[in-house]
Each structure stands twice: as C-alpha cells, then as structure tokens.
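What's in protein29.cif: mmCIF, C-alpha atoms
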```cif
data_data
#
loop_
_atom_site.label_atom_id
_atom_site.label_comp_id
_atom_site.auth_asym_id
_atom_site.auth_seq_id
_atom_site.Cartn_x
_atom_site.Cartn_y
_atom_site.Cartn_z
CA MET M 910 -11.20 -26.38 -18.28
CA GLN M 911 -12.32 -27.33 -14.76
CA LEU M 912 -13.06 -24.55 -12.29
CA ILE M 913 -10.25 -25.69 -9.98
CA ASP M 914 -7.76 -25.50 -12.87
CA LYS M 915 -8.88 -21.96 -13.69
CA LEU M 916 -8.52 -21.01 -10.04
CA SER M 917 -4.99 -22.41 -9.95
CA ILE M 918 -3.92 -20.30 -12.94
CA LEU M 919 -5.78 -17.08 -12.12
CA ALA M 920 -4.98 -17.03 -8.40
CA ASP M 921 -1.28 -17.46 -9.20
CA ALA M 922 -1.48 -14.71 -11.83
CA ALA M 923 -2.97 -12.31 -9.26
CA LYS M 924 -0.08 -12.62 -6.80
CA TYR M 925 1.93 -9.86 -8.51
CA ASP M 926 -0.61 -7.19 -7.55
CA ALA M 927 0.43 -5.75 -4.19
CA SER M 928 -2.38 -3.20 -3.90
CA CYS M 929 -4.65 -5.66 -2.13
CA ALA M 930 -5.75 -4.37 1.26
CA SER M 931 -8.89 -3.90 3.28
CA SER M 932 -7.72 -0.95 5.36
CA GLY M 933 -10.54 1.44 6.13
CA ALA M 934 -13.37 -0.90 5.18
CA PRO M 935 -16.47 -0.72 7.38
CA LYS M 936 -17.37 -3.84 9.33
CA ARG M 937 -20.20 -5.83 7.75
CA SER M 938 -22.53 -8.31 9.36
CA SER M 939 -22.10 -11.90 8.22
CA GLU M 940 -25.21 -13.16 10.00
CA GLY M 941 -26.55 -16.28 8.37
CA LYS M 942 -23.33 -16.86 6.39
CA SER M 943 -21.12 -18.56 8.93
CA GLY M 944 -19.47 -21.93 8.43
CA LEU M 945 -16.40 -24.03 9.07
CA GLY M 946 -13.23 -24.10 7.04
CA SER M 947 -9.56 -23.33 6.72
CA SER M 948 -8.22 -19.78 6.69
CA ASN M 949 -5.56 -20.68 4.13
CA GLY M 950 -5.82 -21.96 0.61
CA MET M 951 -5.50 -21.36 -3.09
CA GLY M 952 -6.06 -17.72 -4.01
CA ILE M 953 -6.43 -16.51 -0.42
CA CYS M 954 -4.40 -13.53 0.78
CA HIS M 955 -4.34 -11.81 4.15
CA SER M 956 -4.63 -8.12 4.90
CA TYR M 957 -4.86 -6.17 8.14
CA THR M 958 -7.34 -3.45 8.99
CA PRO M 959 -6.31 -0.39 11.06
CA ASP M 960 -7.75 -1.96 14.22
CA GLY M 961 -5.51 -5.01 13.81
CA ARG M 962 -8.06 -7.47 12.42
CA CYS M 963 -6.70 -10.00 9.93
CA VAL M 964 -8.93 -10.13 6.86
CA SER M 965 -8.73 -12.96 4.34
CA LEU M 966 -9.63 -12.21 0.72
CA LEU M 967 -10.12 -14.37 -2.33
CA LYS M 968 -7.58 -12.78 -4.69
CA VAL M 969 -7.99 -13.71 -8.35
CA LEU M 970 -7.99 -12.35 -11.88
CA LEU M 971 -11.14 -12.53 -13.98
CA THR M 972 -8.77 -13.52 -16.78
CA ASN M 973 -5.07 -13.40 -17.58
CA PHE M 974 -5.70 -12.98 -21.29
CA CYS M 975 -4.67 -9.42 -22.16
CA LEU M 976 -4.58 -7.14 -25.18
CA TYR M 977 -1.69 -5.14 -23.71
CA ASP M 978 1.98 -6.05 -23.95
CA CYS M 979 3.39 -4.39 -20.81
CA GLN M 980 6.99 -5.58 -20.70
CA TYR M 981 7.10 -6.02 -16.90
CA CYS M 982 3.90 -8.11 -16.71
CA VAL M 983 3.82 -11.91 -16.66
CA ASN M 984 0.38 -11.78 -18.33
CA ARG M 985 1.44 -9.56 -21.24
CA ARG M 986 0.14 -10.37 -24.70
CA SER M 987 3.44 -11.88 -25.84
CA SER M 988 3.92 -14.07 -22.75
CA ASP M 989 3.59 -17.85 -23.12
CA VAL M 990 1.97 -18.48 -19.71
CA PRO M 991 -1.08 -20.78 -19.47
CA ARG M 992 -4.29 -18.78 -19.97
CA ALA M 993 -7.71 -19.05 -18.36
CA ARG M 994 -10.87 -17.03 -17.96
CA PHE M 995 -13.69 -17.00 -15.44
CA SER M 996 -17.22 -15.98 -16.24
CA PRO M 997 -18.71 -13.48 -13.77
CA GLU M 998 -21.00 -16.23 -12.47
CA GLU M 999 -17.99 -18.48 -11.73
CA VAL M 1000 -16.27 -15.77 -9.68
CA VAL M 1001 -19.50 -15.22 -7.75
CA ARG M 1002 -19.80 -18.96 -7.08
CA LEU M 1003 -16.21 -19.21 -5.86
CA THR M 1004 -16.54 -16.16 -3.63
CA LEU M 1005 -19.73 -17.41 -1.98
CA ASP M 1006 -18.36 -20.93 -1.54
CA PHE M 1007 -15.20 -19.65 0.15
CA TYR M 1008 -17.21 -17.18 2.24
CA ARG M 1009 -19.73 -19.77 3.48
CA ARG M 1010 -16.87 -22.02 4.52
CA ASN M 1011 -15.41 -19.14 6.54
CA CYS M 1012 -12.25 -19.12 4.40
CA VAL M 1013 -12.53 -15.49 3.29
CA SER M 1014 -14.17 -12.23 4.29
CA GLY M 1015 -14.29 -10.81 0.80
CA LEU M 1016 -12.99 -10.58 -2.76
CA PHE M 1017 -10.11 -8.84 -4.52
CA LEU M 1018 -10.77 -8.96 -8.27
CA SER M 1019 -8.55 -7.72 -11.09
CA SER M 1020 -8.28 -8.66 -14.75
CA GLY M 1021 -6.30 -8.55 -17.93
CA ILE M 1022 -7.81 -6.40 -20.68
CA ILE M 1023 -10.08 -8.40 -23.00
CA ARG M 1024 -11.92 -7.01 -26.06
CA SER M 1025 -11.79 -3.46 -24.68
CA ALA M 1026 -11.42 -1.49 -21.47
CA ASP M 1027 -15.20 -0.95 -21.29
CA TYR M 1028 -16.03 -4.63 -21.82
CA THR M 1029 -13.55 -5.71 -19.14
CA MET M 1030 -14.86 -3.13 -16.68
CA GLU M 1031 -18.44 -4.25 -17.39
CA GLN M 1032 -17.47 -7.82 -16.48
CA LEU M 1033 -15.86 -6.72 -13.20
CA VAL M 1034 -18.90 -4.62 -12.28
CA GLN M 1035 -21.17 -7.53 -13.14
CA VAL M 1036 -19.41 -9.71 -10.55
CA ALA M 1037 -19.87 -7.08 -7.85
CA ARG M 1038 -23.48 -6.41 -8.86
CA LEU M 1039 -24.41 -10.11 -8.72
CA LEU M 1040 -22.82 -10.47 -5.29
CA ARG M 1041 -24.48 -7.40 -3.82
CA GLU M 1042 -27.92 -7.44 -5.43
CA GLU M 1043 -28.74 -11.08 -6.18
CA HIS M 1044 -26.90 -12.76 -3.30
CA GLU M 1045 -26.96 -9.91 -0.74
CA PHE M 1046 -23.26 -10.41 -0.12
CA ARG M 1047 -22.12 -8.33 2.87
CA GLY M 1048 -18.41 -9.08 2.60
CA TYR M 1049 -15.60 -6.83 1.45
CA ILE M 1050 -15.10 -6.21 -2.29
CA HIS M 1051 -12.02 -4.60 -3.84
CA LEU M 1052 -12.21 -4.05 -7.61
CA LYS M 1053 -9.31 -3.12 -9.84
CA THR M 1054 -10.39 -0.27 -12.11
CA ILE M 1055 -9.56 -0.27 -15.82
CA PRO M 1056 -8.12 3.21 -16.57
CA ASP M 1057 -9.59 3.74 -20.06
CA ALA M 1058 -13.08 2.55 -19.09
CA ASP M 1059 -16.09 4.83 -19.33
CA PRO M 1060 -16.37 6.98 -16.15
CA LEU M 1061 -19.99 5.78 -15.77
CA LEU M 1062 -18.71 2.22 -15.38
CA ILE M 1063 -16.22 3.35 -12.73
CA GLU M 1064 -19.05 5.12 -10.91
CA GLN M 1065 -21.09 1.88 -10.98
CA ALA M 1066 -18.12 -0.03 -9.58
CA GLY M 1067 -17.88 2.44 -6.70
CA ARG M 1068 -21.48 1.76 -5.69
CA TYR M 1069 -20.78 -1.95 -5.21
CA ALA M 1070 -17.12 -2.06 -4.12
CA ASP M 1071 -15.63 -1.10 -0.77
CA ARG M 1072 -12.36 -0.10 -2.39
CA LEU M 1073 -11.28 0.72 -5.94
CA SER M 1074 -7.71 0.82 -7.17
CA VAL M 1075 -6.04 2.05 -10.34
CA ASN M 1076 -2.47 0.88 -10.76
CA VAL M 1077 -0.18 3.66 -11.95
CA GLU M 1078 2.53 0.95 -12.36
CA LEU M 1079 5.36 3.34 -13.30
CA PRO M 1080 5.64 6.86 -11.86
CA THR M 1081 6.67 8.61 -15.08
CA ASP M 1082 4.99 8.98 -18.45
CA GLN M 1083 8.30 8.15 -20.15
CA GLY M 1084 8.50 4.88 -18.23
CA LEU M 1085 5.03 3.90 -19.42
CA LYS M 1086 5.82 4.84 -23.02
CA THR M 1087 8.89 2.61 -22.93
CA LEU M 1088 7.54 -0.43 -21.10
CA ALA M 1089 3.74 -0.16 -21.42
CA PRO M 1090 3.01 1.83 -24.59
CA GLU M 1091 -0.73 1.02 -24.52
CA LYS M 1092 -1.07 2.75 -21.15
CA HIS M 1093 -1.05 6.50 -20.54
CA LEU M 1094 -0.47 8.32 -17.27
CA GLY M 1095 -3.15 10.84 -18.22
CA SER M 1096 -5.91 8.23 -18.50
CA ILE M 1097 -4.77 6.56 -15.27
CA LYS M 1098 -4.99 9.84 -13.39
CA GLN M 1099 -8.36 10.60 -14.98
CA ALA M 1100 -9.72 7.32 -13.58
CA MET M 1101 -8.31 8.29 -10.17
CA ARG M 1102 -10.04 11.64 -10.45
CA THR M 1103 -13.36 9.96 -11.26
CA ILE M 1104 -13.06 7.90 -8.07
CA TYR M 1105 -11.99 10.95 -6.07
CA THR M 1106 -15.02 12.90 -7.37
CA GLY M 1107 -17.32 10.06 -6.33
CA GLU M 1108 -15.82 10.07 -2.83
CA GLN M 1109 -16.19 13.85 -2.54
CA THR M 1110 -19.82 13.69 -3.63
CA VAL M 1111 -20.62 11.33 -0.77
CA ARG M 1112 -18.78 13.56 1.71
CA ASN M 1113 -20.64 16.68 0.59
CA GLU M 1114 -24.07 15.09 0.09
CA PRO M 1115 -25.04 12.84 3.02
CA ARG M 1116 -27.94 11.34 1.06
CA ALA M 1117 -25.81 10.35 -1.91
CA PRO M 1118 -25.44 6.57 -2.55
CA ARG M 1119 -22.40 4.93 -0.90
CA PHE M 1120 -19.27 5.06 -3.02
CA ALA M 1121 -16.09 3.06 -2.33
CA PRO M 1122 -16.10 3.80 1.44
CA ALA M 1123 -12.59 2.35 1.85
CA GLY M 1124 -11.24 4.78 -0.76
CA GLN M 1125 -8.75 4.04 -3.49
CA SER M 1126 -5.19 2.76 -3.72
CA THR M 1127 -2.54 2.20 -6.37
CA GLN M 1128 0.66 0.28 -7.03
CA MET M 1129 4.07 1.27 -8.37
CA ILE M 1130 6.58 -1.24 -9.68
CA VAL M 1131 10.08 -0.66 -8.32
CA GLY M 1132 13.13 -1.55 -10.37
CA ALA M 1133 11.54 -2.27 -13.76
CA ASP M 1134 13.25 0.85 -15.13
CA ASP M 1135 15.85 3.32 -13.89
CA THR M 1136 13.41 5.60 -12.04
CA ASP M 1137 15.00 6.60 -8.73
CA ASP M 1138 13.42 6.61 -5.27
CA SER M 1139 13.17 10.40 -5.19
CA THR M 1140 10.95 10.40 -8.30
CA ILE M 1141 8.85 7.54 -6.93
CA LEU M 1142 8.26 9.25 -3.55
CA HIS M 1143 7.53 12.64 -5.13
CA SER M 1144 5.01 10.95 -7.43
CA ALA M 1145 3.39 9.17 -4.46
CA GLU M 1146 3.20 12.45 -2.53
CA ALA M 1147 1.41 14.09 -5.47
CA LEU M 1148 -1.07 11.20 -5.70
CA TYR M 1149 -1.86 11.46 -1.99
CA GLY M 1150 -2.38 15.19 -2.30
CA ASN M 1151 -4.35 15.27 -5.55
CA PHE M 1152 -6.59 12.22 -5.15
CA ARG M 1153 -6.57 11.47 -1.39
CA LEU M 1154 -5.36 7.93 -1.97
CA ARG M 1155 -5.46 5.68 1.08
CA ARG M 1156 -2.29 3.83 0.14
CA VAL M 1157 0.42 3.62 -2.48
CA TYR M 1158 1.85 0.10 -2.65
CA TYR M 1159 5.37 -0.62 -3.88
CA SER M 1160 6.14 -3.88 -5.63
CA ALA M 1161 9.73 -4.88 -6.38
CA PHE M 1162 10.00 -5.93 -10.01
CA SER M 1163 10.07 -9.71 -10.33
CA PRO M 1164 11.84 -11.09 -13.43
CA ILE M 1165 9.68 -13.61 -15.22
CA PRO M 1166 10.55 -16.46 -17.58
CA ASN M 1167 11.48 -15.28 -21.08
CA SER M 1168 11.51 -11.64 -19.98
CA PRO M 1169 12.06 -9.15 -22.80
CA LYS M 1170 15.41 -7.35 -22.96
CA SER M 1171 13.69 -4.04 -22.16
CA VAL M 1172 13.46 -4.98 -18.45
CA PRO M 1173 16.20 -5.99 -15.97
CA LEU M 1174 17.25 -9.62 -15.73
CA ALA M 1175 17.62 -9.38 -11.95
CA ALA M 1176 15.24 -8.16 -9.26
CA PRO M 1177 16.12 -5.04 -7.24
CA PRO M 1178 17.05 -5.56 -3.56
CA LEU M 1179 13.95 -6.25 -1.49
CA MET M 1180 15.33 -3.78 1.04
CA ARG M 1181 14.72 -1.03 -1.51
CA GLU M 1182 11.00 -1.83 -1.51
CA HIS M 1183 11.12 -1.92 2.30
CA ARG M 1184 12.76 1.53 2.52
CA LEU M 1185 10.12 2.98 0.20
CA TYR M 1186 7.38 1.68 2.48
CA GLN M 1187 9.13 3.25 5.47
CA ALA M 1188 9.49 6.59 3.65
CA ASP M 1189 5.86 6.40 2.52
CA PHE M 1190 4.82 5.94 6.16
CA LEU M 1191 6.73 9.10 7.02
CA LEU M 1192 4.74 10.97 4.36
CA ARG M 1193 1.37 9.65 5.53
CA GLY M 1194 1.81 9.53 9.29
CA TYR M 1195 4.62 11.82 10.39
CA GLY M 1196 4.12 14.94 8.29
CA PHE M 1197 7.32 14.60 6.28
CA SER M 1198 7.53 15.85 2.71
CA ALA M 1199 9.44 14.11 -0.07
CA ASN M 1200 11.74 17.14 -0.31
CA GLU M 1201 12.81 16.59 3.30
CA LEU M 1202 13.87 13.03 2.56
CA PHE M 1203 15.87 13.87 -0.59
CA LYS M 1204 18.33 16.65 -1.27
CA GLY M 1205 18.01 15.90 -4.99
CA PRO M 1206 17.63 12.93 -7.33
CA GLY M 1207 18.72 9.60 -5.93
CA HIS M 1208 17.83 6.53 -3.89
CA LEU M 1209 17.10 5.93 -0.24
CA ALA M 1210 20.01 4.40 1.67
CA LEU M 1211 19.66 0.64 2.05
CA ASP M 1212 21.69 0.39 5.27
CA ILE M 1213 19.82 3.00 7.30
CA ASP M 1214 16.12 3.77 7.63
CA PRO M 1215 14.90 7.09 6.18
CA LYS M 1216 13.76 8.53 9.51
CA LEU M 1217 17.20 8.03 11.04
CA ALA M 1218 18.89 9.29 7.87
CA TRP M 1219 16.84 12.51 8.08
CA ALA M 1220 17.71 12.98 11.78
CA LEU M 1221 21.43 12.60 11.06
CA GLU M 1222 21.17 15.17 8.26
CA ASN M 1223 19.43 17.61 10.62
CA ARG M 1224 21.60 17.36 13.73
CA ASN M 1225 21.03 21.07 14.41
CA LEU M 1226 17.48 20.22 15.59
CA PHE M 1227 18.67 17.72 18.19
CA PRO M 1228 18.82 16.75 20.98
CA LEU M 1229 15.21 17.66 21.81
CA ASP M 1230 14.03 18.34 25.34
CA LEU M 1231 11.09 15.96 25.68
CA ASN M 1232 9.58 18.14 28.41
CA ARG M 1233 9.35 21.15 26.08
CA ALA M 1234 9.48 20.04 22.43
CA GLU M 1235 6.53 20.14 20.05
CA PRO M 1236 4.86 16.71 19.59
CA THR M 1237 5.46 16.82 15.82
CA LEU M 1238 9.21 17.07 16.44
CA ILE M 1239 9.22 14.39 19.16
CA ALA M 1240 7.65 11.98 16.66
CA ARG M 1241 10.61 12.61 14.35
CA ILE M 1242 13.11 11.24 16.87
CA PRO M 1243 14.40 7.86 15.61
CA GLY M 1244 13.06 5.03 17.74
CA ILE M 1245 9.99 6.98 18.93
CA GLY M 1246 6.70 6.39 17.15
CA LEU M 1247 3.39 8.24 17.02
CA ARG M 1248 1.76 6.31 19.84
CA THR M 1249 4.74 6.79 22.14
CA THR M 1250 4.77 10.50 21.33
CA GLN M 1251 1.15 10.76 22.44
CA ARG M 1252 1.92 8.92 25.68
CA LEU M 1253 4.89 11.21 26.39
CA VAL M 1254 2.78 14.34 25.85
CA GLU M 1255 0.12 13.00 28.22
CA LEU M 1256 2.76 12.09 30.82
CA ARG M 1257 4.41 15.50 30.85
CA ARG M 1258 1.10 17.12 31.74
CA GLU M 1259 1.39 15.27 35.05
CA ARG M 1260 5.14 15.43 35.76
CA ARG M 1261 8.53 15.80 34.12
CA ILE M 1262 9.67 13.00 31.82
CA ARG M 1263 12.60 10.86 33.00
CA PHE M 1264 14.85 8.47 31.11
CA GLU M 1265 13.23 5.43 32.69
CA ASP M 1266 9.88 6.49 31.23
CA LEU M 1267 11.18 5.90 27.70
CA ALA M 1268 12.59 2.53 28.68
CA ARG M 1269 9.22 1.58 30.18
CA MET M 1270 7.46 2.63 26.97
CA ARG M 1271 9.79 0.34 25.02
CA CYS M 1272 11.30 3.01 22.80
CA VAL M 1273 14.20 1.85 20.64
CA LEU M 1274 16.72 3.51 22.93
CA SER M 1275 19.72 2.40 20.88
CA LYS M 1276 18.48 4.79 18.16
CA ALA M 1277 16.73 7.40 20.28
CA LYS M 1278 19.33 8.17 23.00
CA PRO M 1279 21.48 10.65 20.99
CA PHE M 1280 18.41 12.69 20.00
CA PHE M 1281 16.60 13.58 23.24
CA ILE M 1282 17.02 15.21 26.65
CA THR M 1283 15.02 14.39 29.79
CA SER M 1284 15.11 15.83 33.31
CA ASP M 1285 17.79 13.29 34.28
CA TYR M 1286 19.54 12.55 30.97
CA HIS M 1287 21.60 14.50 28.44
CA PRO M 1288 23.62 12.75 25.68
CA GLN M 1289 27.38 13.17 25.76
CA GLN M 1290 28.98 15.28 23.03
CA ALA M 1291 30.77 12.22 21.64
CA GLU M 1292 27.44 10.42 21.27
CA THR M 1293 26.02 13.02 18.91
CA SER M 1294 28.52 12.80 16.02
CA SER M 1295 26.56 12.02 12.85
CA ALA M 1296 29.41 10.02 11.29
CA LEU M 1297 29.84 7.93 14.44
CA LEU M 1298 26.11 7.39 14.82
CA TYR M 1299 25.79 6.30 11.20
CA GLN M 1300 28.34 3.55 11.76
CA GLN M 1301 26.78 2.49 15.05
CA LEU M 1302 23.13 2.55 14.01
CA ARG M 1303 23.14 1.44 10.39
CA ASP M 1304 21.43 -1.86 9.70
CA ARG M 1305 23.61 -4.90 9.25
CA PRO M 1306 22.78 -7.31 6.40
CA GLN M 1307 19.91 -9.58 7.35
CA PRO M 1308 19.14 -13.03 5.94
CA GLN M 1309 15.55 -12.01 5.23
CA GLN M 1310 13.25 -8.99 4.94
CA MET M 1311 12.55 -7.25 8.24
CA GLY M 1312 9.24 -5.79 9.37
CA LEU M 1313 8.39 -2.08 9.41
CA TRP M 1314 9.61 -0.04 12.37
CA GLY M 1315 7.30 1.89 14.69
#
```

In structure tokens, what does this structure look like?
Amino acid sequence: MQLIDKLSILADAAKYDASCASSGAPKRSSEGKSGLGSSNGMGICHSYTPDGRCVSLLKVLLTNFCLYDCQYCVNRRSSDVPRARFSPEEVVRLTLDFYRRNCVSGLFLSSGIIRSADYTMEQLVQVARLLREEHEFRGYIHLKTIPDADPLLIEQAGRYADRLSVNVELPTDQGLKTLAPEKHLGSIKQAMRTIYTGEQTVRNEPRAPRFAPAGQSTQMIVGADDTDDSTILHSAEALYGNFRLRRVYYSAFSPIPNSPKSVPLAAPPLMREHRLYQADFLLRGYGFSANELFKGPGHLALDIDPKLAWALENRNLFPLDLNRAEPTLIARIPGIGLRTTQRLVELRRERRIRFEDLARMRCVLSKAKPFFITSDYHPQQAETSSALLYQQLRDRPQPQQMGLWG
C-alpha cells in the first residue's frame, strides 16, 4: 500500500479522537526548519494554545488494526473498515515532511492495539524517540497512552512527548464492561496515576528529566450508553482532582456503518456535548463543583446554559452589588466572564461602578441585567422572576452548533 493511501485511511480513522490539543505546551524554536506550504490538508487538525496561537498538528493513527472489540469504535476488531498500518519510520518521515513544509507544528499520534499493549506502546515511543533523538525535532508531540502498557514505557513516552493522554472513554466501570469488555477503568486510572507521578517528580525535583510538560488529558464518549450528565461531570471532577488533568474532552457518540445493536442507532444532540463543555469550564475556571450544577441524577438542560441555570436556581444570592460583592461571586453572574470580573474589580478601586461601565466592557447585558446592582442601576422586581427569566433567556433552536460563551 502506498504511503498516501495509508495516510488517507489512518488520518480519517483518527478524527474520532477529540482529546487532541496543544494547550500548555512550551514554545519551541523551529530555527532551520522553516519552509513554504499550506496550513490545511489530509490529517491536519487545528488546536489553540492559551495565548491564542493556532497550532496545526498531524493527527494520525499508527494503525487502525485492533485486538479490542469496543462496540462504539469504528476501528473495533469486528468492524469491516479498510485497514492500514504505518511503521514508526513512516510516521517520522510524514511528520518531518509536513513540518518542513510549514504545514504542521507537531504530531498527535494514537493507535489501535496490535499484538499487545506493551508492543503498541513501544511502537509509539519509538516514533517519538526517533523524532527527538535522531532528527532533533523541536515540534510538539502528543502521544496517546495505552492503559495496560508497562509503566516504564509510559515513563519513556513522557520524556519525549509534550502531552500524554489516556482515554477513559466511558465514565463508569459498568459502561466499559458492557461496551468495551477488554478495557478496565482500574488500569486506565493506573496509567493516569503513572503520568501524574511523573509530573509530580519533575515539580519536586528541579533536576529531574522533563516529563510531559503540557500534562495529560482524556476523552469521554457522550451518548454511547445511558450514562447521564451528572455522572459524567462528577467523574470529570474526580479526574481533575485526583490526577490534575489539563482537560477532559467530550465526544458525542457518532453512529458508524453496521453498528452493533449494543449502541444507539442515532447520535445524541450536539448541544448536549456543548453543554458539557460549558459545565466543564465552570468546574475548571469558575470554582463550581458538580454538586452545585446538579441536584441529583440527570442531564444538563439543552435550552439554557449551565451558568444561567445555576443562577436561576439560586435567586437568593442575587442581585449582587458590583461595588461590594466578592470577585468569585461576580464571576458567577450570567453574561460576565473571568476577564470582565477582573476589570470590574480594578475599576472599583478607582471609583464606583456604573451601568455604562458594563456596556462598555461588552458584557452580555441581556443575561446579566437581572443579577447585578450598580450605583445607578437596580433591576425591577418583575425582572427578577426565575420563571419569567427562563422563558426570556433560554436559547432558541439554532441551525448549527454555537461557540462557547465567555
């Protein structure tokens, strides 16, 4: 099979993995490796770093052959998709060719399980080792970790890769037993702990070799089983707390040709995935807990964002006086983000905040007005009814997925 044919198959097979990001990666010099070329092409995905830089990555599988028969996976053992396999040297060649042509800044590499977890992990590490040691590659490398692999192999991967990720796939052990019986939540978490230990060693011992400086991430599939949003968010919260994950990615289940009867025949609403990302942002950036977003088991509302839903459920806390309130509470006002909160706190050190200040800062006033007080503004009693606000502020059906709010 020609290299271009392999790339066509294995780049397409990699598109289902959402945990591809370069957030937190250190900048690397590319001196001597510049060139001309397109920023789009087969197997190229785009990610954004915290400072707003767009980073292009070659995103491929080493192979889509797999010993496992995960029912939600297009590359499962029983699937009839076309199969291909790269050698480590072929992945290195592709990465360097794309990099020299200025098409990519790095590599995202995952793989199906071939022969054994250890053998597959050895092949992934070999790609990273060749790039770093033989070709002095300074670009970004994200390796997908094989959960059952020897911890020593995972430690080797961390020395070469900027980021490692272990996909938990489903948030409950029962879900894995039903849809991915070869996988075990215990071994997945053990791999996460190995990565976490490597990160902690570097933090505590300044002279220790570098280890996955961009941390680790994971992915959960949404809608492949009946797990509700509350369980998913509580599981994500535990992963953040126990292993200091940089990100949990949520991927709406995508039905595939000849899907087994054990998985749904239709995809969940994309808005559900979107709401989970919004709620996850509240956990990571705003100091919310999963218990605050859910009174019990259940799903996030699709017609209202979780921050606004929480504010309507906690009307006793509002309206907040922006000239007196704690910054952590100001940030919980719908329509006011973290950056605006900081600007408001800085402004009130100089003078009292007025309504026009929020308009100038481009707050989403249609959402924020019922929840704050300024020196010249106080919401009317009729404007603060939760039932009325729900009807006024809930999202109307959109023809396509909307971006995340601030």

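Computed from the coordinates, the atom CA of M:His1208 to atom CA of M:Asp1137 distance equals 5.6 Å.
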
(request) Would you kindly return, as a ChimeraX atom specification, each protein, DNA or RNA residue with an atom no farther than 10 Å from any atom of M:Phe1152, considering all atoms listed in the file and excluding same-chain residues fewer than 4 positions away? (result) /M:1098,1101-1106,1108,1124-1126,1147-1148

Output of the above residues as a CSV table (one decimal), in the frame of the given file, restricted to C-alpha atoms:
```csv
chain,number,residue,atom,x,y,z
M,1098,LYS,CA,-5.0,9.8,-13.4
M,1101,MET,CA,-8.3,8.3,-10.2
M,1102,ARG,CA,-10.0,11.6,-10.4
M,1103,THR,CA,-13.4,10.0,-11.3
M,1104,ILE,CA,-13.1,7.9,-8.1
M,1105,TYR,CA,-12.0,11.0,-6.1
M,1106,THR,CA,-15.0,12.9,-7.4
M,1108,GLU,CA,-15.8,10.1,-2.8
M,1124,GLY,CA,-11.2,4.8,-0.8
M,1125,GLN,CA,-8.8,4.0,-3.5
M,1126,SER,CA,-5.2,2.8,-3.7
M,1147,ALA,CA,1.4,14.1,-5.5
M,1148,LEU,CA,-1.1,11.2,-5.7
```

(request) Find the distance between atom CA of M:Val1034 and atom CA of M:Thr1054 and write it in Å to one decimal. (result) 9.6 Å

(request) List the residues selected by the PyMOL selection byres ((chain M and resi 1051) around 8) in the file shown, writing them as a ChimeraX atom specification. (result) /M:929,931,1016-1018,1049-1050,1052-1053,1070-1074

Which residues of stretch 963-1043 of chain M sit at most 8 Å from stretch 1155-1177 of chain M, using only C-alpha atoms? Give each one's shortest atom pair and distance in Å (one decimal place), in chain and ascending residue order, as JSON lines.
```
{"residue": "M:Gln980", "atom": "CA", "partner": "M:Pro1169", "partner_atom": "CA", "distance": 6.5}
{"residue": "M:Tyr981", "atom": "CA", "partner": "M:Val1172", "partner_atom": "CA", "distance": 6.6}
{"residue": "M:Val983", "atom": "CA", "partner": "M:Ile1165", "partner_atom": "CA", "distance": 6.3}
{"residue": "M:Ser988", "atom": "CA", "partner": "M:Asn1167", "partner_atom": "CA", "distance": 7.8}
```

Only C-alpha atoms, please: the residues just picked out, written as an mmCIF file, in the coordinates of the input.
```
data_model
loop_
_atom_site.group_PDB
_atom_site.id
_atom_site.type_symbol
_atom_site.label_atom_id
_atom_site.label_comp_id
_atom_site.auth_asym_id
_atom_site.auth_seq_id
_atom_site.Cartn_x
_atom_site.Cartn_y
_atom_site.Cartn_z
ATOM 1 C CA GLN M 980 6.990 -5.580 -20.700
ATOM 2 C CA TYR M 981 7.100 -6.020 -16.900
ATOM 3 C CA VAL M 983 3.820 -11.910 -16.660
ATOM 4 C CA SER M 988 3.920 -14.070 -22.750
#
```

(request) Mind giving me the straight-line distance from atom CA of M:Val1000 to atom CA of M:Gly1015 in Å, one decimal? (result)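 Spanning atom CA of M:Val1000 to atom CA of M:Gly1015 is a straight-line distance of 11.8 Å.
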
(request) Can you pull out every residue within 12 Å of M:Leu1185, counting only C-alpha atoms, but drop anything in the same chain fewer than 2 positions away, and send it as a PyMOL selection string? (result) chain M and resi 1129-1132+1137-1143+1145+1157-1161+1178-1183+1187-1192+1199+1202+1208-1211+1214-1216+1313

(request) Run the PyMOL selection byres ((chain M and resi 1262-1279) around 9) against the file shown and list the residues it catches, as number ranges by chain. (result) M: 1217, 1227-1228, 1231-1232, 1242-1246, 1249, 1252-1253, 1256-1257, 1260-1261, 1280-1289, 1292-1294, 1298, 1302

(request) Identify which of the residues M:Val1001, M:Val969, M:Leu1297, M:Ala1089 lies closest to M:Lys924, counting all atoms listed in the file when measuring atom-to-atom distances. (result)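 Ranked by minimum distance to M:Lys924, first place goes to M:Val969.
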
(message) I'd like to know which of M:Tyr977, M:Phe995, M:Tyr1028, M:Phe1046 is closest to M:Ser1014, using all atoms listed in the file.
(response)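 The closest residue to M:Ser1014 is M:Phe1046.
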
(request) List the residues matched by the PyMOL selection byres ((chain M and resi 1006) around 12) in the displayed structure as a list of chain:residue names, ordered by chain and then by residue number. (result)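 Given this file, the PyMOL selection byres ((chain M and resi 1006) around 12) evaluates to M:Lys942, M:Ser943, M:Gly944, M:Leu945, M:Gly946, M:Leu967, M:Glu999, M:Val1000, M:Val1001, M:Arg1002, M:Leu1003, M:Thr1004, M:Leu1005, M:Phe1007, M:Tyr1008, M:Arg1009, M:Arg1010, M:Asn1011, M:Cys1012, M:Val1013, M:Ser1014, M:Gly1015, M:Leu1016, M:Leu1040, M:His1044, M:Phe1046.
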
(message) Taking all atoms listed in the file into account, name the residue in M:Leu976, M:Ala993, M:Val1036, M:Leu1061 that is nearest to M:Ile1022.
(response) M:Leu976

Counting all atoms listed in the file, give me one row per residue of stretch 1146-1203 of chain M with an atom at most 10 Å from an atom of stretch 1219-1222 of chain M, showing the shortest contact pair and its distance in Å to one decimal, sorted by chain then residue number, as JSON lines.
```
{"residue": "M:Phe1197", "atom": "CA", "partner": "M:Trp1219", "partner_atom": "CA", "distance": 9.9}
{"residue": "M:Glu1201", "atom": "CA", "partner": "M:Trp1219", "partner_atom": "CA", "distance": 7.5}
{"residue": "M:Leu1202", "atom": "CA", "partner": "M:Trp1219", "partner_atom": "CA", "distance": 6.3}
{"residue": "M:Phe1203", "atom": "CA", "partner": "M:Trp1219", "partner_atom": "CA", "distance": 8.8}
```

(request) Give the answer as one residue: which of M:Asp1059, M:Glu1235, M:Asp1212, M:Asp1135 has the shortest atom-to-atom distance to M:Arg1303, using all atoms listed in the file? (result) M:Asp1212

(message) Nearest residue to M:Cys979 out of M:Arg1153, M:Arg1224, M:Arg1116, M:His1093, using only C-alpha atoms?
(response)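 Of M:Arg1153, M:Arg1224, M:Arg1116, M:His1093, the one nearest M:Cys979, counting only C-alpha atoms, is M:His1093.
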
(request) Go through M:Phe974, M:Ile1213, M:Lys1086, M:Arg1193 one by one, measure the shortest atom-to-atom distance of each to M:Glu1146 using only C-alpha atoms, and give the residue with the smallest value. (result)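 The shortest atom-to-atom distance to M:Glu1146 comes from M:Arg1193.
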
(request) Fewer than 3 positions away in the same chain doesn't count, so skip those; otherwise give me all residues within 12 Å of M:Thr1110, counting all atoms listed in the file, as a ChimeraX atom specification. (result) /M:1064,1067,1103-1107,1113-1122
